[in-house]
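*Asks:* Okay, handing you the structure first.
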Amino acid sequence: MKAAVISMGSVSSQWIVDKLKAYFDVVDDFKIKDFEVQLTGKELSILYKGKEFGSYDCIYAKGSFRYSNVLRSITNASNKNVYMPIKEDAFGIGHNKILTYLALQQNKIPIPKTYIAASVSAAKKILKDIKYPVIMKLPSGTHGVGVMISDSYESASSMIDTLIALKQPFLIQEYIETGGSDVRAFVVGDKVIASMKRQAASGEKRSNIHAGGSAKPIELSEKTKAIAIKAAKVLGCDICGVDLLETPSGPKVLEVNLSPGLQGITKATEIDIPEKIAKFLYEKTKEMKSKKVSEEQESMMKELTEEEQELVTQIEYRGERILLPTVVSKISKFDENDDVVIKSSKGNITIKKY
Ligand SMILES: Nc1ncnc2c1ncn2[C@@H]1O[C@H](COP(=O)(O)OP(=O)(O)O)[C@@H](O)[C@H]1O
Ligand SMILES: [Mg+2]
């Protein structure tokens with residue numbers, strides 16, 4: 001089987017490529033920036049470095065929000081017989097926090113109370129009524145960049161004016177006090193395979209490792225795990241990092257990361273995550289392939305059994321008795337207990353249900 005990894009070429013992606021080599025016959029490593037998508041109205045073609053992108057049994061496409069349109073196009077173009085851990089729609093939703101919160105809300109997954117304002121005056125009304133500090137977020141930030149915290153109406157209101165002047169969409173969110181910590185649940189399939197608690201650096205509220213946060217392993221409650229797995233399912237991601245805030249009233253999902261870094265969590269948990277991802281990709285691809293073969297066999301059999309069929313073959317004898325091919329038993333649907341009338345003459349046999 002053939003696998004392709006399409007990524008920004010990070011160390012994490014390289015780890016996965018290396019581990020996949022033990023499972024797949026061919027593993028190709030592609031950089032997203034070298035892709036080109038052509039739409040002609042009749043056809044969608046994907047080019048890599050100017051050449052047609054080949055066919056694979058498994059494509060693991062991932063990358064930051066900057067590439068979500070290209071990632072979407074590549075997954076859209078790949079046929080249904082390719083296993084992809086991140087579904088096409090996930091690239092639109094997962095890379096946009098507003099769409100993510102809407103999808104989570106729709107599926108009754110707990111999230112911090114979030115507000116989307118249609119105008120400056122609507123935003124300011126929200127800011128008048130909300131408790132401080134308050135969080136404001138850009139829909140497509142990562143690594144904590146794009147998350148703003150404000151202690152008062154005055155500062156929040158001035159931030160909103162700036163965001164609107166820059167034509168920058170944003171959301172407003174209640175601040176949840178966790179002492180600057182959050183948890184990352186690493187979901188693979190229907191399991192959380194690793195989890196860590198991240199603590200913001202002193203003087204920071206954002207716990208991202210890129211924002212100076214530190215991490216240690218944590219065993220999550222079954223409830224938190226179940227919420228993380230459900231969030232991943234809702235977005236259509238078989239492999240992702242789900243960020244949650246643990247609150248006295250239960251866990252709340254902050255985001256579903258489609259391209260979670262592996263270095264921080266591997267260091268914190270000492271779990272061989274790339275190996276688990278590679279094995280999972282292999283098993284899912286194998287499962288999809290065998291399902292496809294049995295579906296094909298089934299539809300062939302269905303076709304055969306629906307109407308009268310002629311079979312050109314040689315007669316098989318067991319001693320002096322004629323043995324009919326298995327397909328004949330299947331097509332005729334005779335039951336062992338059926339009474340039949342056998343008519344035979346030289347060069348001709350018919351068997352009919354009595
Ligand atoms: N509503 C909130 N209440 C408290 N802390 C928050 C809230 N939203 C975000 N944070 C902090 O900011 C960090 C980054 O937020 P997140 O929504 O995950 O954006 P990013 O995509 O930049 O990681 C979180 O890991 C958490 O520490
Ligand atoms: Mg995050």
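Residues are referred to by chain and number: the chain letter is A, B, ... according to the order shown in the structure tokens, the number counts from 1 in that chain, and ligands are numbered separately from 1 in the order shown.
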Just want the residues within 8 Å of ligand 2, written as a list in words, counting only C-alpha atoms and all ligand atoms.
*Replies:*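 For ligand 2, the residues inside 8 Å are Thr142, His143, Gly144, Asn208, Val242, Asp243, Leu254, Glu255, Val256 and Asn257 of chain A.
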*Asks:* Restricting it to N, CA and C atoms, dump the selection as a PDB file, in the first residue's frame.
*Replies:*
```pdb
ATOM      1  N   THR A 142      -3.062  30.758  15.904  1.00  0.00           N
ATOM      2  CA  THR A 142      -2.527  29.534  16.530  1.00  0.00           C
ATOM      3  C   THR A 142      -1.402  29.938  17.470  1.00  0.00           C
ATOM      4  N   HIS A 143      -0.955  28.977  18.271  1.00  0.00           N
ATOM      5  CA  HIS A 143       0.148  29.174  19.213  1.00  0.00           C
ATOM      6  C   HIS A 143      -0.159  30.290  20.215  1.00  0.00           C
ATOM      7  N   GLY A 144      -1.424  30.591  20.420  1.00  0.00           N
ATOM      8  CA  GLY A 144      -1.789  31.639  21.376  1.00  0.00           C
ATOM      9  C   GLY A 144      -1.788  33.030  20.749  1.00  0.00           C
ATOM     10  N   ASN A 208      -0.062  28.025  25.814  1.00  0.00           N
ATOM     11  CA  ASN A 208       0.610  27.409  24.660  1.00  0.00           C
ATOM     12  C   ASN A 208       2.118  27.282  24.919  1.00  0.00           C
ATOM     13  N   VAL A 242      -6.968  18.127  20.931  1.00  0.00           N
ATOM     14  CA  VAL A 242      -8.114  18.898  21.437  1.00  0.00           C
ATOM     15  C   VAL A 242      -7.672  19.630  22.702  1.00  0.00           C
ATOM     16  N   ASP A 243      -7.842  20.961  22.707  1.00  0.00           N
ATOM     17  CA  ASP A 243      -7.497  21.773  23.878  1.00  0.00           C
ATOM     18  C   ASP A 243      -8.741  21.984  24.724  1.00  0.00           C
ATOM     19  N   LEU A 254     -11.727  24.227  23.922  1.00  0.00           N
ATOM     20  CA  LEU A 254     -11.246  25.505  23.382  1.00  0.00           C
ATOM     21  C   LEU A 254     -11.002  25.438  21.889  1.00  0.00           C
ATOM     22  N   GLU A 255     -10.394  24.364  21.458  1.00  0.00           N
ATOM     23  CA  GLU A 255     -10.161  24.232  20.016  1.00  0.00           C
ATOM     24  C   GLU A 255      -9.785  22.806  19.654  1.00  0.00           C
ATOM     25  N   VAL A 256      -9.938  22.510  18.367  1.00  0.00           N
ATOM     26  CA  VAL A 256      -9.539  21.213  17.831  1.00  0.00           C
ATOM     27  C   VAL A 256      -8.431  21.520  16.819  1.00  0.00           C
ATOM     28  N   ASN A 257      -7.232  21.046  17.158  1.00  0.00           N
ATOM     29  CA  ASN A 257      -6.062  21.359  16.349  1.00  0.00           C
ATOM     30  C   ASN A 257      -5.818  20.274  15.306  1.00  0.00           C
TER      31      ASN A 257
END
```
*Asks:* Throw together the list of residues within 7 Å of ligand 1, counting only C-alpha atoms and all ligand atoms, and drop it here as a PyMOL selection string.
*Replies:* chain A and resi 112+135+141-147+173-178+180-182+200+205-208+243+254-255
*Asks:* Leaving out stretch 151-168 of chain A and any residue of its chain fewer than 5 positions from it, which residues lie within 7 Å of it when counting only C-alpha atoms, given as a list in words?
*Replies:*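 The residues satisfying every condition are Lys124, Leu127, Lys128, Tyr132, Pro133 and Val134 of chain A.
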*Asks:* Kindly indicate which residue among A:Cys237, A:Val82, A:Val70, A:Leu324 lies nearest to A:Asp190, using only C-alpha atoms for the distances.
*Replies:*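 So, comparing all the options, the nearest one is A:Cys237.
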*Asks:* Closest to A:Leu245 among A:Val183, A:Ala226, A:Val192, A:Met8, using only C-alpha atoms?
*Replies:*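 Distance minimum relative to A:Leu245 lands on A:Val183.
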*Asks:* What's around stretch 277-279 of chain A at 9 Å? Count only C-alpha atoms, leave out sequence neighbours fewer than 3 positions away in its own chain, and write the answer as a PyMOL selection string.
*Replies:* chain A and resi 16-23+188+239+272-274+282-284
